[in-house]
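Heads up: the structure comes next, in structure tokens.
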Amino acid sequence: MFKKVVVIVLIGLVIGAWIFARDFFTDNVKGDEEIELIVPTNSNYDDVLSILRSKNVLNNEFSFDLTAKKMRYPELVKPGRYIIDGNMTNRELLIKLRLGAQDEISVTIHNERLLSELAGKLGDYFESDSLEFLEYLSKEEHLLQYGLTKDVIMTTFIPNTYNFFWNTKPQQFLERMLHERSKFWDENRKEKARSIGLSENDAFILASIVEQEIHKQSEASRVAGVYLNRLKKNMLLQADPTLKFAAKDFAIRRVLNKHKAIDSPYNTYKYKGLPPGPICLPSIKTIDAVLNAENHDYYYFCARADYSGEHQFSKTYSEHLRYAREYHTSLNKSKIYE
């Protein structure tokens, strides 16, 4: 009788060990490819099970459920974006989910013109939608906490690719961008801005104009030099891209007198100095081109009539008018009237 009890106990132990091994250490995620698993904020354990079903992740949901309860995961659900490797075990998967060991997303910011455009892009990346980003980033009481205004908020965002967690909130995003901005404006760049008579924000704003003027990066520092010369002489900048921004019409191919008559602080044909904010997010290359602007005697430039994307630079207004007539004649021949 004793031997039978021992045998039964041993069999029970073997079965228990097998179940334990099956539940904890046997592969239970289907396939060999990575799977993106999104767990929204405020999700509970049942929500996670539904998400796993919808993604068809598990070979055996029952064993996952047993293991999850043994590991107390139902009490420790954490939101986030998780990349699940094919052939993971229940234990490996649950450790990742329980710890909230998220996988980051890469967010690229580049050349957006409007805050609404940037917010729209961010809404595609993050759990918070575009409206949440726009409302937070445009609310004056939020901006004032960081010494920002609606005009200069866009100077906060240095174009680059950054890694974030998917459930990063708008406030956390802004604080991270302020940190990145602080790193970008190191003492070397600050000193270069001071040497050409610009603040960090002004350098960014000027770079945004240069960015929209050039088709070839090789001309950026020369174009920047023209605008700096005009600023020093207290001349109107007369930058066509600022009129497109003032009109909120970025499809304009030919600037006309009606555009020059727009009453906007961004109309540099009407108001001297730099506009109150940037007209796009300029590339780092263009910001550095402004900080290293070419020292020359040019006060004017005009697109070449051959549509090469290059410009004719002039020291005198009469010379500039000749190049401008050539360009306008070319536009007329091409039937580009607006």
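Note on naming: chains are A, B, ... as they come in the structure tokens, residues start from 1 per chain, ligands start from 1 in the order shown.
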Legend entry - Selection: 12 Å around Arg230 in chain A, only C-alpha atoms, excl. self and same-chain fewer than 4 positions, as a PyMOL selection string: chain A and resi 223-226+234-239+268+272-274+296-301+315
Inset, instruction - Could you find all residues in range 207-322 of chain A that DSSP calls alpha helix (DSSP H) from the backbone, and write them as a PyMOL selection string? - result: chain A and resi 207-213+220-232+240-247+257-260+284-291+317-322
Requested write-out: N, CA and C atoms of the selected residues, as a short mmCIF file (atom, residue, chain, number, x, y, z; two decimals), in the first residue's frame:
```cif
data_model
loop_
_atom_site.label_atom_id
_atom_site.label_comp_id
_atom_site.auth_asym_id
_atom_site.auth_seq_id
_atom_site.Cartn_x
_atom_site.Cartn_y
_atom_site.Cartn_z
N ALA A 207 16.56 80.74 -39.99
CA ALA A 207 16.83 79.45 -40.66
C ALA A 207 15.58 78.90 -41.33
N SER A 208 14.42 79.13 -40.71
CA SER A 208 13.18 78.63 -41.31
C SER A 208 12.90 79.33 -42.64
N ILE A 209 13.24 80.62 -42.72
CA ILE A 209 13.06 81.35 -43.98
C ILE A 209 14.04 80.85 -45.03
N VAL A 210 15.29 80.70 -44.61
CA VAL A 210 16.31 80.19 -45.54
C VAL A 210 15.92 78.80 -46.05
N GLU A 211 15.42 77.97 -45.14
CA GLU A 211 15.01 76.60 -45.53
C GLU A 211 13.99 76.61 -46.66
N GLN A 212 13.05 77.56 -46.59
CA GLN A 212 12.00 77.63 -47.60
C GLN A 212 12.45 78.35 -48.88
N GLU A 213 13.54 79.08 -48.80
CA GLU A 213 14.06 79.79 -49.97
C GLU A 213 14.91 78.89 -50.87
N ALA A 220 22.68 77.77 -48.75
CA ALA A 220 22.05 78.20 -47.49
C ALA A 220 22.83 79.30 -46.77
N SER A 221 24.13 79.14 -46.64
CA SER A 221 24.91 80.13 -45.88
C SER A 221 24.98 81.47 -46.63
N ARG A 222 24.95 81.43 -47.97
CA ARG A 222 24.97 82.67 -48.75
C ARG A 222 23.64 83.40 -48.63
N VAL A 223 22.53 82.67 -48.73
CA VAL A 223 21.21 83.28 -48.57
C VAL A 223 21.08 83.86 -47.16
N ALA A 224 21.55 83.13 -46.16
CA ALA A 224 21.52 83.64 -44.79
C ALA A 224 22.29 84.95 -44.69
N GLY A 225 23.43 85.02 -45.38
CA GLY A 225 24.24 86.24 -45.38
C GLY A 225 23.49 87.43 -45.96
N VAL A 226 22.69 87.19 -47.02
CA VAL A 226 21.88 88.27 -47.61
C VAL A 226 20.91 88.82 -46.57
N TYR A 227 20.19 87.93 -45.91
CA TYR A 227 19.19 88.39 -44.93
C TYR A 227 19.86 89.09 -43.75
N LEU A 228 21.01 88.62 -43.32
CA LEU A 228 21.72 89.29 -42.23
C LEU A 228 22.16 90.69 -42.66
N ASN A 229 22.61 90.82 -43.90
CA ASN A 229 22.99 92.14 -44.41
C ASN A 229 21.79 93.09 -44.40
N ARG A 230 20.63 92.59 -44.79
CA ARG A 230 19.43 93.42 -44.84
C ARG A 230 18.98 93.80 -43.42
N LEU A 231 19.09 92.86 -42.49
CA LEU A 231 18.73 93.17 -41.10
C LEU A 231 19.63 94.27 -40.54
N LYS A 232 20.91 94.16 -40.83
CA LYS A 232 21.86 95.16 -40.31
C LYS A 232 21.58 96.54 -40.88
N ASP A 240 9.81 85.93 -49.89
CA ASP A 240 8.57 85.38 -50.45
C ASP A 240 7.97 84.25 -49.60
N PRO A 241 8.77 83.36 -49.03
CA PRO A 241 8.15 82.28 -48.24
C PRO A 241 7.32 82.77 -47.05
N THR A 242 7.66 83.97 -46.53
CA THR A 242 6.88 84.48 -45.41
C THR A 242 5.48 84.89 -45.87
N LEU A 243 5.34 85.27 -47.14
CA LEU A 243 4.02 85.61 -47.67
C LEU A 243 3.16 84.36 -47.81
N LYS A 244 3.77 83.28 -48.24
CA LYS A 244 3.03 82.02 -48.34
C LYS A 244 2.53 81.59 -46.97
N PHE A 245 3.38 81.80 -45.96
CA PHE A 245 2.99 81.45 -44.60
C PHE A 245 1.87 82.37 -44.12
N ALA A 246 1.99 83.66 -44.40
CA ALA A 246 0.97 84.61 -43.98
C ALA A 246 -0.37 84.28 -44.63
N ALA A 247 -0.33 83.83 -45.89
CA ALA A 247 -1.55 83.48 -46.61
C ALA A 247 -2.04 82.09 -46.26
N ASN A 257 1.26 90.91 -56.11
CA ASN A 257 1.06 92.09 -55.27
C ASN A 257 -0.01 91.87 -54.21
N LYS A 258 -1.01 91.05 -54.54
CA LYS A 258 -2.08 90.79 -53.55
C LYS A 258 -1.52 90.07 -52.31
N HIS A 259 -0.49 89.26 -52.52
CA HIS A 259 0.14 88.58 -51.39
C HIS A 259 0.96 89.58 -50.56
N LYS A 260 1.58 90.51 -51.24
CA LYS A 260 2.40 91.51 -50.54
C LYS A 260 1.55 92.47 -49.72
N ILE A 284 18.76 70.91 -39.18
CA ILE A 284 19.94 71.28 -38.40
C ILE A 284 21.01 71.87 -39.32
N LYS A 285 21.13 71.31 -40.53
CA LYS A 285 22.11 71.84 -41.49
C LYS A 285 21.84 73.30 -41.80
N THR A 286 20.56 73.65 -41.94
CA THR A 286 20.23 75.04 -42.28
C THR A 286 20.43 75.96 -41.09
N ILE A 287 20.10 75.49 -39.89
CA ILE A 287 20.36 76.31 -38.69
C ILE A 287 21.86 76.59 -38.60
N ASP A 288 22.67 75.56 -38.81
CA ASP A 288 24.12 75.75 -38.74
C ASP A 288 24.63 76.63 -39.88
N ALA A 289 23.95 76.58 -41.03
CA ALA A 289 24.33 77.46 -42.15
C ALA A 289 24.09 78.92 -41.78
N VAL A 290 23.02 79.20 -41.05
CA VAL A 290 22.75 80.56 -40.58
C VAL A 290 23.82 80.98 -39.57
N LEU A 291 24.15 80.08 -38.66
CA LEU A 291 25.16 80.40 -37.64
C LEU A 291 26.55 80.58 -38.25
N TYR A 317 20.51 97.12 -56.44
CA TYR A 317 19.11 96.90 -56.78
C TYR A 317 18.90 96.84 -58.29
N SER A 318 19.64 97.65 -59.03
CA SER A 318 19.50 97.65 -60.49
C SER A 318 19.88 96.30 -61.09
N GLU A 319 20.94 95.72 -60.57
CA GLU A 319 21.34 94.39 -61.05
C GLU A 319 20.28 93.35 -60.68
N HIS A 320 19.75 93.48 -59.49
CA HIS A 320 18.70 92.56 -59.04
C HIS A 320 17.47 92.66 -59.95
N LEU A 321 17.09 93.88 -60.32
CA LEU A 321 15.92 94.06 -61.18
C LEU A 321 16.10 93.37 -62.52
N ARG A 322 17.30 93.39 -63.04
CA ARG A 322 17.57 92.72 -64.32
C ARG A 322 17.36 91.22 -64.19
#
```
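Distances to Leu148 in chain A were evaluated for A:Gly277, A:Lys233, A:Arg194, A:Tyr323 using only C-alpha atoms, and the minimum falls at A:Gly277.
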Inset, instruction - With a distance cut-off of 9 Å and only C-alpha atoms, select the neighbouring residues of Phe165 in chain A, excluding the residue or stretch itself and same-chain residues fewer than 3 positions from it, and output the selection as a list in words. - result: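 The contact residues come out as Gly80, Arg81, Gln102, Asp103, Glu104, Ile105, Ser106, Phe126 and Thr168 of chain A.
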Restricted to N, CA and C atoms, what would the selected residues look like written as a compact mmCIF listing (two decimals), in the first residue's frame?
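Resulting contents of selection07.txt:
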```txt
# COMPACT_ATOMS: atom_id res chain seq x y z
N GLY A 80 1.29 50.22 -22.73
CA GLY A 80 2.48 50.46 -23.52
C GLY A 80 2.48 49.72 -24.84
N ARG A 81 3.59 49.88 -25.54
CA ARG A 81 3.80 49.21 -26.83
C ARG A 81 4.91 48.19 -26.61
N GLN A 102 8.53 48.40 -22.16
CA GLN A 102 8.08 48.82 -23.48
C GLN A 102 9.22 48.87 -24.49
N ASP A 103 8.83 48.77 -25.76
CA ASP A 103 9.76 49.01 -26.86
C ASP A 103 9.48 50.40 -27.41
N GLU A 104 10.52 51.17 -27.62
CA GLU A 104 10.35 52.57 -28.02
C GLU A 104 9.90 52.69 -29.48
N ILE A 105 9.32 53.85 -29.77
CA ILE A 105 9.00 54.20 -31.14
C ILE A 105 9.97 55.30 -31.58
N SER A 106 10.26 55.34 -32.86
CA SER A 106 11.12 56.40 -33.42
C SER A 106 10.23 57.47 -34.04
N PHE A 126 1.69 58.46 -31.31
CA PHE A 126 1.48 58.24 -29.89
C PHE A 126 0.05 57.80 -29.55
N THR A 168 3.72 58.18 -24.16
CA THR A 168 4.22 59.49 -23.72
C THR A 168 3.12 60.53 -23.87
```
Inset, instruction - Give the strand (DSSP E or B) residues of range 16-262 of chain A, as DSSP finds them on the backbone, and put them as a ChimeraX atom specification. - result: /A:27,29,35-39,58,80-84,89,105-109,160-164
Inset, instruction - Just the residues within 12 Å of range 74-76 of chain A, please, counting only C-alpha atoms, with nothing from its chain fewer than 4 positions along; format it as a list in words. - result: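 These residues fall inside the cut-off: Asn42, Ser43, Asn44, Tyr45, Asp46, Asp47, Val48, Leu49, Phe64, Asp65, Leu66, Thr67, Ala68, Lys69, Lys70, Leu94, Ile95, Lys96, Leu97, Arg98, Leu99 and Gly100 of chain A.
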Inset, instruction - For range 329-335 of chain A, please output as a ChimeraX atom specification all residues within 9 Å (counting only C-alpha atoms; exclusion window: fewer than 4 positions along the same chain). - result: /A:254,305-307,324-325
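The smallest atom-to-atom distance between Tyr73 in chain A and any of A:Asn59, A:Pro170, A:Leu93, A:Ile38, using only C-alpha atoms, is found for A:Leu93.
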Legend entry - Residue nearest His215 in chain A among A:Ser308, A:Gln145, A:Leu131, A:Pro282 (counting only C-alpha atoms): A:Ser308
At a cut-off of 10 Å, using only C-alpha atoms, what residues contact Leu52 in chain A? Leave out same-chain residues fewer than 6 positions from it and give the result as a PDB file with N, CA and C atoms, in the first residue's frame.
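selection-v7.pdb was written with the following content:
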```pdb
ATOM      1  N   VAL A  29       4.199  31.702 -28.016  1.00  0.00           N
ATOM      2  CA  VAL A  29       3.881  32.762 -28.970  1.00  0.00           C
ATOM      3  C   VAL A  29       4.053  32.213 -30.372  1.00  0.00           C
ATOM      4  N   LEU A  37       2.363  44.621 -29.929  1.00  0.00           N
ATOM      5  CA  LEU A  37       1.253  44.496 -28.996  1.00  0.00           C
ATOM      6  C   LEU A  37       1.057  45.843 -28.305  1.00  0.00           C
ATOM      7  N   ILE A  38      -0.124  46.447 -28.499  1.00  0.00           N
ATOM      8  CA  ILE A  38      -0.432  47.734 -27.900  1.00  0.00           C
ATOM      9  C   ILE A  38      -1.425  47.532 -26.765  1.00  0.00           C
ATOM     10  N   VAL A  39      -1.031  47.941 -25.568  1.00  0.00           N
ATOM     11  CA  VAL A  39      -1.904  47.853 -24.391  1.00  0.00           C
ATOM     12  C   VAL A  39      -2.262  49.283 -23.983  1.00  0.00           C
ATOM     13  N   ASP A  46      -8.463  41.355 -18.630  1.00  0.00           N
ATOM     14  CA  ASP A  46      -9.372  40.858 -19.683  1.00  0.00           C
ATOM     15  C   ASP A  46      -9.122  41.584 -21.005  1.00  0.00           C
ATOM     16  N   LEU A  58      -1.242  33.701 -29.174  1.00  0.00           N
ATOM     17  CA  LEU A  58      -0.938  32.537 -28.339  1.00  0.00           C
ATOM     18  C   LEU A  58      -1.295  31.205 -28.998  1.00  0.00           C
ATOM     19  N   GLU A  61      -4.010  29.597 -24.928  1.00  0.00           N
ATOM     20  CA  GLU A  61      -4.436  30.661 -24.024  1.00  0.00           C
ATOM     21  C   GLU A  61      -4.609  30.158 -22.594  1.00  0.00           C
TER      22      GLU A  61
END
```
Legend entry - For CA of Asn167 in chain A and CA of Phe204 in chain A, the interatomic separation in Å (one decimal): 29.3 Å
